[in-house]
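What's in final_33.cif: mmCIF, C-alpha atoms
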data_run
#
loop_
_atom_site.label_atom_id
_atom_site.label_comp_id
_atom_site.auth_asym_id
_atom_site.auth_seq_id
_atom_site.Cartn_x
_atom_site.Cartn_y
_atom_site.Cartn_z
CA MET A 1 -27.76 0.63 -6.67
CA ASP A 2 -28.93 1.00 -3.09
CA PHE A 3 -25.84 2.26 -1.29
CA SER A 4 -27.67 2.57 2.04
CA LYS A 5 -28.07 -1.19 2.44
CA HIS A 6 -24.49 -1.44 3.74
CA LYS A 7 -23.52 -0.84 7.35
CA HIS A 8 -19.77 -0.18 6.98
CA VAL A 9 -17.46 -0.20 3.99
CA VAL A 10 -13.75 -1.01 4.38
CA VAL A 11 -11.48 0.04 1.51
CA ILE A 12 -8.06 -1.66 1.33
CA TYR A 13 -5.35 -0.33 -1.01
CA PRO A 14 -1.57 0.02 -0.66
CA HIS A 15 -0.89 3.61 -1.74
CA PRO A 16 -2.10 7.09 -0.94
CA ASP A 17 -4.03 8.05 -4.13
CA ASP A 18 -5.22 4.50 -5.04
CA GLU A 19 -8.49 5.35 -3.27
CA SER A 20 -8.95 8.58 -5.22
CA PHE A 21 -8.17 7.20 -8.69
CA GLY A 22 -10.23 4.04 -8.40
CA THR A 23 -12.93 4.49 -5.81
CA ALA A 24 -13.47 8.12 -4.77
CA GLY A 25 -16.87 8.34 -6.50
CA THR A 26 -18.10 5.11 -4.94
CA ILE A 27 -16.90 6.21 -1.51
CA THR A 28 -18.72 9.53 -1.95
CA LYS A 29 -21.94 7.74 -2.84
CA PHE A 30 -21.70 5.54 0.25
CA ARG A 31 -21.06 8.57 2.44
CA GLN A 32 -24.02 10.43 0.91
CA ALA A 33 -26.14 7.39 1.82
CA GLY A 34 -24.93 7.72 5.41
CA VAL A 35 -22.71 4.63 5.35
CA PRO A 36 -19.39 4.93 7.24
CA VAL A 37 -16.27 4.16 5.20
CA THR A 38 -12.81 3.27 6.57
CA TYR A 39 -9.67 3.26 4.43
CA LEU A 40 -6.92 0.82 5.41
CA CYS A 41 -3.96 2.29 3.52
CA GLY A 42 -0.95 -0.02 3.32
CA THR A 43 2.00 2.30 2.75
CA LEU A 44 2.89 5.95 2.35
CA GLY A 45 4.02 5.45 -1.23
CA GLU A 46 7.57 6.08 -0.03
CA MET A 47 9.15 4.94 -3.32
CA GLY A 48 6.97 6.92 -5.70
CA ARG A 49 8.93 8.55 -8.50
CA ASN A 50 6.58 11.48 -9.01
CA MET A 51 8.00 14.35 -7.00
CA GLY A 52 5.58 17.03 -8.11
CA GLN A 53 5.67 18.97 -11.33
CA PRO A 54 7.78 21.02 -10.98
CA THR A 55 9.42 18.88 -8.29
CA PHE A 56 8.88 19.94 -4.71
CA ALA A 57 9.50 16.60 -2.95
CA ASN A 58 12.54 14.35 -2.66
CA ARG A 59 13.02 10.72 -1.66
CA GLU A 60 13.33 11.64 2.02
CA SER A 61 10.55 14.23 2.27
CA LEU A 62 8.06 12.28 0.12
CA PRO A 63 6.57 10.02 2.87
CA GLU A 64 5.52 12.94 5.07
CA ILE A 65 4.16 14.87 2.10
CA ARG A 66 2.14 11.90 0.88
CA LYS A 67 0.86 11.24 4.39
CA GLU A 68 -0.54 14.74 4.55
CA GLU A 69 -2.00 14.43 1.05
CA LEU A 70 -3.66 11.18 2.11
CA GLN A 71 -5.14 12.73 5.24
CA ASN A 72 -6.49 15.64 3.19
CA ALA A 73 -8.03 13.31 0.59
CA CYS A 74 -9.71 11.29 3.35
CA GLU A 75 -11.12 14.54 4.73
CA VAL A 76 -12.52 15.42 1.29
CA LEU A 77 -14.04 11.94 1.03
CA ASP A 78 -15.23 12.10 4.64
CA MET A 79 -13.86 8.66 5.55
CA ASP A 80 -11.81 7.30 8.42
CA LEU A 81 -8.19 6.44 7.80
CA VAL A 82 -5.97 3.69 9.19
CA MET A 83 -2.34 3.64 8.03
CA LEU A 84 -0.95 0.11 8.14
CA GLY A 85 2.74 1.13 8.17
CA LEU A 86 3.97 -1.19 5.42
CA ARG A 87 6.62 0.02 2.99
CA ASP A 88 6.04 0.83 -0.66
CA LYS A 89 7.17 -1.90 -3.10
CA THR A 90 7.74 -4.48 -0.34
CA ILE A 91 4.30 -5.91 0.41
CA GLU A 92 4.74 -8.98 -1.80
CA PHE A 93 7.81 -9.94 0.25
CA GLU A 94 6.02 -9.74 3.61
CA SER A 95 4.02 -12.58 5.15
CA ARG A 96 0.61 -12.69 3.47
CA ASP A 97 -0.63 -14.64 6.46
CA GLU A 98 0.29 -11.89 8.94
CA ILE A 99 -1.16 -9.12 6.82
CA ALA A 100 -4.37 -11.11 6.26
CA GLU A 101 -4.75 -11.59 10.02
CA ARG A 102 -4.35 -7.85 10.64
CA LEU A 103 -6.87 -6.99 7.94
CA LYS A 104 -9.31 -9.59 9.27
CA LYS A 105 -9.20 -7.98 12.71
CA TYR A 106 -10.07 -4.56 11.28
CA ILE A 107 -12.85 -5.98 9.09
CA GLU A 108 -14.41 -7.80 12.05
CA GLN A 109 -13.96 -4.98 14.52
CA LEU A 110 -15.55 -2.45 12.13
CA GLU A 111 -18.33 -4.95 11.32
CA ALA A 112 -17.78 -4.33 7.63
CA THR A 113 -20.53 -5.47 5.30
CA LEU A 114 -18.45 -4.64 2.22
CA VAL A 115 -14.71 -4.80 1.51
CA ILE A 116 -13.28 -3.08 -1.58
CA THR A 117 -9.74 -3.93 -2.74
CA PHE A 118 -7.63 -4.80 -5.79
CA TYR A 119 -8.19 -8.03 -7.73
CA PRO A 120 -4.96 -10.06 -7.80
CA PRO A 121 -3.15 -10.72 -10.08
CA TYR A 122 -4.94 -8.30 -12.40
CA ALA A 123 -4.04 -5.00 -10.72
CA VAL A 124 -0.73 -4.05 -12.48
CA HIS A 125 1.39 -3.01 -9.48
CA PRO A 126 2.94 -5.77 -7.29
CA ASP A 127 1.78 -3.96 -4.14
CA HIS A 128 -1.79 -3.86 -5.50
CA ASP A 129 -1.77 -7.59 -6.16
CA ALA A 130 -0.12 -8.46 -2.85
CA LEU A 131 -2.40 -6.39 -0.63
CA GLY A 132 -5.43 -7.49 -2.65
CA ALA A 133 -4.43 -11.13 -2.12
CA ALA A 134 -4.07 -10.54 1.62
CA ALA A 135 -7.51 -8.86 1.70
CA PHE A 136 -9.08 -11.80 -0.18
CA GLU A 137 -7.43 -14.13 2.32
CA ALA A 138 -8.72 -12.05 5.24
CA VAL A 139 -12.31 -12.26 3.96
CA LYS A 140 -11.92 -15.98 3.34
CA ARG A 141 -10.94 -16.51 6.98
CA ILE A 142 -14.18 -14.99 8.25
CA ASP A 143 -17.08 -17.36 8.99
CA LYS A 144 -19.33 -17.64 5.95
CA ASN A 145 -22.38 -16.32 7.75
CA LYS A 146 -20.49 -13.19 8.86
CA ARG A 147 -18.51 -12.57 5.70
CA PRO A 148 -18.74 -9.12 4.11
CA GLU A 149 -19.36 -8.71 0.41
CA LEU A 150 -16.13 -8.32 -1.59
CA TRP A 151 -15.67 -5.99 -4.59
CA ALA A 152 -12.36 -5.93 -6.44
CA ASN A 153 -10.83 -3.65 -9.10
CA ALA A 154 -8.83 -5.10 -11.98
CA PHE A 155 -7.03 -3.04 -14.56
CA ILE A 156 -4.42 -4.98 -16.52
CA ALA A 157 -5.15 -4.47 -20.23
CA ASN A 158 -6.34 -8.03 -20.98
CA ARG A 159 -8.25 -8.62 -17.72
CA GLU A 160 -11.45 -9.50 -19.55
CA ASP A 161 -9.75 -12.54 -21.12
CA TYR A 162 -9.43 -13.93 -17.61
CA ILE A 163 -12.35 -12.65 -15.59
CA GLY A 164 -14.82 -11.21 -18.10
CA HIS A 165 -16.66 -7.94 -17.63
CA PRO A 166 -16.97 -6.29 -14.24
CA ASP A 167 -20.48 -6.83 -12.87
CA ILE A 168 -20.56 -3.49 -11.03
CA VAL A 169 -20.16 -0.26 -12.99
CA ILE A 170 -20.66 2.96 -11.08
CA ASP A 171 -21.05 6.19 -13.02
CA THR A 172 -19.51 8.90 -10.84
CA ILE A 173 -20.53 11.87 -12.98
CA ASP A 174 -22.87 13.31 -10.33
CA VAL A 175 -20.11 13.29 -7.68
CA PHE A 176 -17.22 13.93 -10.03
CA ASP A 177 -16.35 17.28 -8.46
CA THR A 178 -15.63 15.48 -5.21
CA LYS A 179 -13.51 12.89 -7.01
CA VAL A 180 -11.45 15.57 -8.73
CA LYS A 181 -11.04 17.38 -5.42
CA ALA A 182 -9.83 14.17 -3.76
CA LEU A 183 -7.38 13.51 -6.61
CA GLU A 184 -6.05 17.05 -6.40
CA GLN A 185 -5.08 16.52 -2.75
CA HIS A 186 -2.42 14.10 -4.03
CA ARG A 187 -0.56 16.96 -5.64
CA SER A 188 2.88 15.33 -5.62
CA GLN A 189 1.56 12.39 -7.65
CA VAL A 190 -1.36 13.54 -9.70
CA GLU A 191 0.05 16.47 -11.61
CA GLY A 192 2.69 14.28 -13.21
CA MET A 193 0.45 11.31 -13.84
CA LEU A 194 -2.42 13.22 -15.37
CA SER A 195 -0.11 14.93 -17.83
CA GLN A 196 0.60 11.50 -19.34
CA LEU A 197 -3.00 10.76 -20.16
CA THR A 198 -4.32 11.55 -23.60
CA ASP A 199 -7.36 10.44 -25.51
CA GLY A 200 -5.66 8.75 -28.46
CA GLU A 201 -3.99 11.50 -30.44
CA LYS A 202 -6.04 14.30 -28.99
CA PRO A 203 -4.55 16.12 -26.02
CA LEU A 204 -7.17 16.84 -23.40
CA ASN A 205 -7.47 19.52 -20.79
CA LYS A 206 -7.13 18.42 -17.19
CA ASN A 207 -10.76 17.79 -16.32
CA GLU A 208 -11.48 16.06 -19.63
CA ARG A 209 -8.53 13.80 -18.97
CA ILE A 210 -9.74 12.82 -15.55
CA LEU A 211 -13.30 12.36 -16.80
CA SER A 212 -12.39 10.23 -19.81
CA ARG A 213 -10.30 7.89 -17.71
CA PHE A 214 -11.96 7.88 -14.31
CA GLN A 215 -15.67 8.57 -14.71
CA TYR A 216 -16.70 4.93 -14.35
CA GLU A 217 -15.57 2.93 -11.33
CA THR A 218 -15.83 -0.78 -11.98
CA TYR A 219 -15.70 -3.78 -9.69
CA TYR A 220 -15.99 -7.52 -9.81
CA THR A 221 -18.03 -9.13 -7.08
CA VAL A 222 -15.78 -11.89 -5.80
CA ASP A 223 -16.68 -15.18 -4.17
CA VAL A 224 -13.48 -15.87 -2.24
CA ASP A 225 -14.19 -19.58 -2.10
CA SER A 226 -13.98 -19.84 -5.87
CA VAL A 227 -10.75 -17.81 -6.28
CA PRO A 228 -7.68 -20.02 -6.76
CA PHE A 229 -5.33 -18.58 -4.11
CA MET B 1 15.98 20.19 -4.74
CA LYS B 2 17.97 22.45 -7.01
CA ALA B 3 20.21 21.99 -10.03
CA ILE B 4 23.53 20.37 -9.14
CA GLN B 5 26.38 22.76 -8.46
CA LEU B 6 29.49 20.70 -9.00
CA GLU B 7 31.82 22.41 -6.54
CA GLU B 8 29.35 22.35 -3.68
CA VAL B 9 28.40 18.71 -4.19
CA GLN B 10 32.07 17.76 -4.50
CA SER B 11 32.84 19.47 -1.21
CA TYR B 12 30.09 17.45 0.53
CA ILE B 13 31.32 14.22 -1.04
CA ASP B 14 34.79 15.04 0.31
CA LYS B 15 33.39 15.94 3.71
CA LEU B 16 31.70 12.54 4.07
CA ALA B 17 34.68 10.51 2.85
CA ASN B 18 36.78 8.33 5.15
CA GLU B 19 34.06 7.80 7.72
CA GLU B 20 31.24 5.30 8.08
CA VAL B 21 28.20 6.44 6.08
CA TYR B 22 24.83 5.10 4.97
CA ILE B 23 24.01 5.02 1.27
CA HIS B 24 20.66 5.02 -0.49
CA LEU B 25 21.07 4.07 -4.15
CA GLU B 26 18.16 3.70 -6.52
CA THR B 27 17.07 3.65 -10.09
CA THR B 28 13.59 3.18 -11.51
CA ASN B 29 11.48 3.72 -14.59
CA GLY B 30 8.31 3.46 -12.54
CA ALA B 31 5.83 0.73 -11.73
CA TYR B 32 3.69 1.62 -14.75
CA ALA B 33 6.27 1.63 -17.57
CA LYS B 34 4.83 -1.55 -19.02
CA ALA B 35 1.25 -0.47 -18.41
CA PHE B 36 1.83 2.61 -20.56
CA ASP B 37 3.93 0.80 -23.19
CA PRO B 38 3.48 -2.99 -23.59
CA ASN B 39 6.94 -3.25 -25.18
CA ALA B 40 8.67 -1.68 -22.21
CA TYR B 41 9.98 -3.43 -19.11
CA ASN B 42 9.56 -2.32 -15.55
CA VAL B 43 13.09 -1.87 -14.28
CA GLY B 44 14.18 -0.71 -10.86
CA ALA B 45 16.52 -1.42 -8.00
CA TYR B 46 17.20 0.16 -4.67
CA ILE B 47 19.45 -0.33 -1.70
CA ARG B 48 18.48 1.49 1.46
CA ASN B 49 21.13 1.96 4.09
CA ALA B 50 24.22 0.22 2.79
CA LYS B 51 26.81 0.92 5.49
CA LEU B 52 30.30 1.58 4.18
CA THR B 53 33.27 3.90 4.14
CA TYR B 54 34.45 5.39 0.87
CA THR B 55 37.94 6.66 0.48
CA ARG B 56 37.51 8.57 -2.73
CA GLY B 57 34.48 10.17 -4.29
CA LYS B 58 34.00 12.31 -7.35
CA ILE B 59 31.23 14.00 -9.28
CA VAL B 60 31.69 14.44 -13.03
CA LYS B 61 29.62 16.47 -15.46
CA GLY B 62 28.21 14.50 -18.41
CA GLU B 63 26.35 15.79 -21.43
CA ASP B 64 23.08 16.61 -19.68
CA ALA B 65 23.50 15.16 -16.19
CA TYR B 66 26.14 14.20 -13.67
CA ARG B 67 27.82 10.93 -12.68
CA VAL B 68 29.13 10.08 -9.24
CA GLY B 69 31.58 7.33 -8.30
CA LEU B 70 32.47 6.40 -4.73
CA LYS B 71 35.45 4.09 -4.26
CA HIS B 72 35.36 1.96 -1.15
CA GLU B 73 37.63 -0.70 0.28
CA ILE B 74 36.21 -3.62 -1.70
CA GLY B 75 34.37 -2.02 -4.60
CA TRP B 76 32.44 0.92 -6.00
CA ILE B 77 29.18 2.77 -5.78
CA TYR B 78 28.12 4.36 -9.09
CA ALA B 79 25.21 6.47 -10.27
CA GLU B 80 24.53 8.39 -13.46
CA GLY B 81 21.75 10.64 -14.68
CA LEU B 82 21.89 12.88 -11.60
CA THR B 83 20.51 16.37 -12.08
CA ASP B 84 19.53 17.84 -8.70
CA TYR B 85 20.80 18.00 -5.16
CA GLU B 86 19.81 18.99 -1.66
CA ILE B 87 21.53 19.09 1.71
CA THR B 88 18.99 18.17 4.40
CA ASP B 89 18.88 19.72 7.85
CA GLN B 90 20.51 16.50 9.06
CA ASP B 91 23.45 17.21 6.76
CA GLN B 92 22.54 14.39 4.37
CA LEU B 93 23.57 14.78 0.75
CA LEU B 94 20.67 13.90 -1.57
CA LEU B 95 21.35 13.57 -5.28
CA ALA B 96 18.64 12.71 -7.77
CA GLY B 97 18.07 12.60 -11.50
CA HIS B 98 14.68 13.75 -12.78
CA ASP B 99 13.22 13.43 -16.26
CA ARG B 100 11.52 16.30 -18.11
CA GLU B 101 8.27 15.60 -16.27
CA GLY B 102 10.04 15.81 -12.91
CA ARG B 103 9.90 12.07 -12.22
CA LEU B 104 12.75 10.46 -10.37
CA MET B 105 15.01 8.25 -12.52
CA ALA B 106 17.95 7.72 -10.18
CA ALA B 107 19.01 8.67 -6.67
CA LEU B 108 22.22 8.52 -4.68
CA GLN B 109 22.11 9.72 -1.08
CA ILE B 110 24.82 9.80 1.59
CA SER B 111 24.22 10.21 5.31
CA ARG B 112 26.09 9.83 8.60
CA ILE B 113 22.92 8.44 10.20
CA PRO B 114 20.68 5.70 8.75
CA PHE B 115 17.92 6.89 6.43
CA SER B 116 14.53 6.48 8.08
CA ASN B 117 13.08 2.93 7.96
#

I need this file expressed as structure tokens, please.
Amino acid sequence: MDFSKHKHVVVIYPHPDDESFGTAGTITKFRQAGVPVTYLCGTLGEMGRNMGQPTFANRESLPEIRKEELQNACEVLDMDLVMLGLRDKTIEFESRDEIAERLKKYIEQLEATLVITFYPPYAVHPDHDALGAAAFEAVKRIDKNKRPELWANAFIANREDYIGHPDIVIDTIDVFDTKVKALEQHRSQVEGMLSQLTDGEKPLNKNERILSRFQYETYYTVDVDSVPF
Amino acid sequence: MKAIQLEEVQSYIDKLANEEVYIHLETTNGAYAKAFDPNAYNVGAYIRNAKLTYTRGKIVKGEDAYRVGLKHEIGWIYAEGLTDYEITDQDQLLLAGHDREGRLMAALQISRIPFSN
């Protein structure tokens, strides 16, 4: 893949750490090709239940901690950050129209040639689906001749029954150190989550776990005109 | 946060009784419960900043965690599975229950000022 053909990549996800789990390798490859990347991050993950392992955060201190983790991860990934100020778990109850308009302004202002977001309704978490839907809507509202490309991640278990195989598969092995470093910035979240991952029966060490689950970053190229929402 | 000390938490509950307070009450099994186990359900609820005055509040030790009941004029606030507590520098009482992996299962928080956003 020729990463340098893009002029500006805008990544749109709701939570600090979504970018590192799903897209850190891709972002790194764009940055290595000299393409600027901007992350529009919806919330601060205020309602996350991982508090560190052992716990060092609480419900009230978590937003500030995750904000700092997010800023550090964006530094590792060398991308610009915009925090949208929405609240964790509430995006689906907000006006999709208003969020889409805000996203559209950023996409146009940054002259994005590629938008990366979640593929609704195949992205497990209600915030993922809701912000993904708003991002699809934002792209749809841009004149066809100025529209950026749109890549979307899906990860419900039976996604392929609905939308087939992803057409873009990026092997991140050559930039995996950077991905792990980005993930590790999200200390309050990642330590707990990674301990849950196993390869079938076999327990894995930390790096094997991350590699087995997150080496390949996959996307569906989406034509917003043919998506039914 | 640190492990609940019954007497200290009880004294804070008493201190905040009979005046207008803001309550954060929450329980969750996480947004990914079903993703990890197809037979599970995602279950959660939270109320942020319920404004009320309780007249009686008590913390009780259960088998492996604590329960708290707050009696107010027209009903009750109840939480179980609480394991840890913290008093913030704004004198807020934070109570939370964590599982063995340190993930939050339940929270009950009491404050004289509204919790942020």

Worksheet entry | Pick from B:Val21, B:Ala107, B:Ile47, B:Leu82 nearest to chain A, counting only C-alpha atoms |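 Smallest separation from chain A among the options: B:Ala107.
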
Practice prompt. Taking only C-alpha atoms into account, report as a PyMOL selection string which residues of chain B lie within 9 Å of chain A.
Written response: chain B and resi 1+28-32+34-35+86+88+94+96+98+101-105+107+115-117

What's around segment 10-15 of chain A at 10 Å? Count only C-alpha atoms, leave out sequence neighbours fewer than 5 positions away in its own chain, and write the answer as a PDB file with C-alpha atoms, in the coordinates of the input.
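Here's the written file part.pdb:
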ATOM      1  CA  GLY A  22     -10.230   4.040  -8.400  1.00  0.00           C
ATOM      2  CA  THR A  23     -12.930   4.490  -5.810  1.00  0.00           C
ATOM      3  CA  ILE A  27     -16.900   6.210  -1.510  1.00  0.00           C
ATOM      4  CA  PRO A  36     -19.390   4.930   7.240  1.00  0.00           C
ATOM      5  CA  VAL A  37     -16.270   4.160   5.200  1.00  0.00           C
ATOM      6  CA  THR A  38     -12.810   3.270   6.570  1.00  0.00           C
ATOM      7  CA  TYR A  39      -9.670   3.260   4.430  1.00  0.00           C
ATOM      8  CA  LEU A  40      -6.920   0.820   5.410  1.00  0.00           C
ATOM      9  CA  CYS A  41      -3.960   2.290   3.520  1.00  0.00           C
ATOM     10  CA  GLY A  42      -0.950  -0.020   3.320  1.00  0.00           C
ATOM     11  CA  THR A  43       2.000   2.300   2.750  1.00  0.00           C
ATOM     12  CA  LEU A  44       2.890   5.950   2.350  1.00  0.00           C
ATOM     13  CA  GLY A  45       4.020   5.450  -1.230  1.00  0.00           C
ATOM     14  CA  GLU A  46       7.570   6.080  -0.030  1.00  0.00           C
ATOM     15  CA  GLY A  48       6.970   6.920  -5.700  1.00  0.00           C
ATOM     16  CA  ARG A  66       2.140  11.900   0.880  1.00  0.00           C
ATOM     17  CA  LYS A  67       0.860  11.240   4.390  1.00  0.00           C
ATOM     18  CA  LEU A  70      -3.660  11.180   2.110  1.00  0.00           C
ATOM     19  CA  MET A  79     -13.860   8.660   5.550  1.00  0.00           C
ATOM     20  CA  ASP A  80     -11.810   7.300   8.420  1.00  0.00           C
ATOM     21  CA  LEU A  81      -8.190   6.440   7.800  1.00  0.00           C
ATOM     22  CA  VAL A  82      -5.970   3.690   9.190  1.00  0.00           C
ATOM     23  CA  MET A  83      -2.340   3.640   8.030  1.00  0.00           C
ATOM     24  CA  LEU A  84      -0.950   0.110   8.140  1.00  0.00           C
ATOM     25  CA  GLY A  85       2.740   1.130   8.170  1.00  0.00           C
ATOM     26  CA  LEU A  86       3.970  -1.190   5.420  1.00  0.00           C
ATOM     27  CA  ARG A  87       6.620   0.020   2.990  1.00  0.00           C
ATOM     28  CA  ASP A  88       6.040   0.830  -0.660  1.00  0.00           C
ATOM     29  CA  LYS A  89       7.170  -1.900  -3.100  1.00  0.00           C
ATOM     30  CA  ILE A  91       4.300  -5.910   0.410  1.00  0.00           C
ATOM     31  CA  LEU A 103      -6.870  -6.990   7.940  1.00  0.00           C
ATOM     32  CA  TYR A 106     -10.070  -4.560  11.280  1.00  0.00           C
ATOM     33  CA  ILE A 107     -12.850  -5.980   9.090  1.00  0.00           C
ATOM     34  CA  LEU A 110     -15.550  -2.450  12.130  1.00  0.00           C
ATOM     35  CA  GLU A 111     -18.330  -4.950  11.320  1.00  0.00           C
ATOM     36  CA  ALA A 112     -17.780  -4.330   7.630  1.00  0.00           C
ATOM     37  CA  THR A 113     -20.530  -5.470   5.300  1.00  0.00           C
ATOM     38  CA  LEU A 114     -18.450  -4.640   2.220  1.00  0.00           C
ATOM     39  CA  VAL A 115     -14.710  -4.800   1.510  1.00  0.00           C
ATOM     40  CA  ILE A 116     -13.280  -3.080  -1.580  1.00  0.00           C
ATOM     41  CA  THR A 117      -9.740  -3.930  -2.740  1.00  0.00           C
ATOM     42  CA  PHE A 118      -7.630  -4.800  -5.790  1.00  0.00           C
ATOM     43  CA  HIS A 125       1.390  -3.010  -9.480  1.00  0.00           C
ATOM     44  CA  PRO A 126       2.940  -5.770  -7.290  1.00  0.00           C
ATOM     45  CA  ASP A 127       1.780  -3.960  -4.140  1.00  0.00           C
ATOM     46  CA  HIS A 128      -1.790  -3.860  -5.500  1.00  0.00           C
ATOM     47  CA  ASP A 129      -1.770  -7.590  -6.160  1.00  0.00           C
ATOM     48  CA  ALA A 130      -0.120  -8.460  -2.850  1.00  0.00           C
ATOM     49  CA  LEU A 131      -2.400  -6.390  -0.630  1.00  0.00           C
ATOM     50  CA  GLY A 132      -5.430  -7.490  -2.650  1.00  0.00           C
ATOM     51  CA  ALA A 134      -4.070 -10.540   1.620  1.00  0.00           C
ATOM     52  CA  ALA A 135      -7.510  -8.860   1.700  1.00  0.00           C
ATOM     53  CA  PRO A 148     -18.740  -9.120   4.110  1.00  0.00           C
ATOM     54  CA  LEU A 150     -16.130  -8.320  -1.590  1.00  0.00           C
ATOM     55  CA  TRP A 151     -15.670  -5.990  -4.590  1.00  0.00           C
ATOM     56  CA  ALA A 152     -12.360  -5.930  -6.440  1.00  0.00           C
TER      57      ALA A 152
END

Worksheet item: How would you write, as a PyMOL selection string, the residues chosen by the PyMOL selection byres ((chain B and resi 108-110) around 10) on this structure?
Response: (chain A and resi 59-60) or (chain B and resi 12-13+16-17+21-27+46-51+68+77-80+82+85-87+91-97+106-107+111-115)

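When all atoms listed in the file are used to measure the gap to Arg67 of chain B, the shortest distance among B:Val9, B:Lys15, B:Lys2, B:Glu20 belongs to B:Val9.
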
Practice prompt. Compare B:Pro38, B:Ile74, B:Gln90, B:Leu6 by their minimum atom-to-atom distance to Asn158 of chain A, counting only C-alpha atoms, and give me the closest one.
Written response: B:Pro38

Discussion item. I need the output of the PyMOL selection byres ((chain A and resi 181) around 12) for this file as a PyMOL selection string; which residues are they?
Written reply: chain A and resi 17+20-21+24-25+28+69+72-77+175-180+182-187+190+207+210
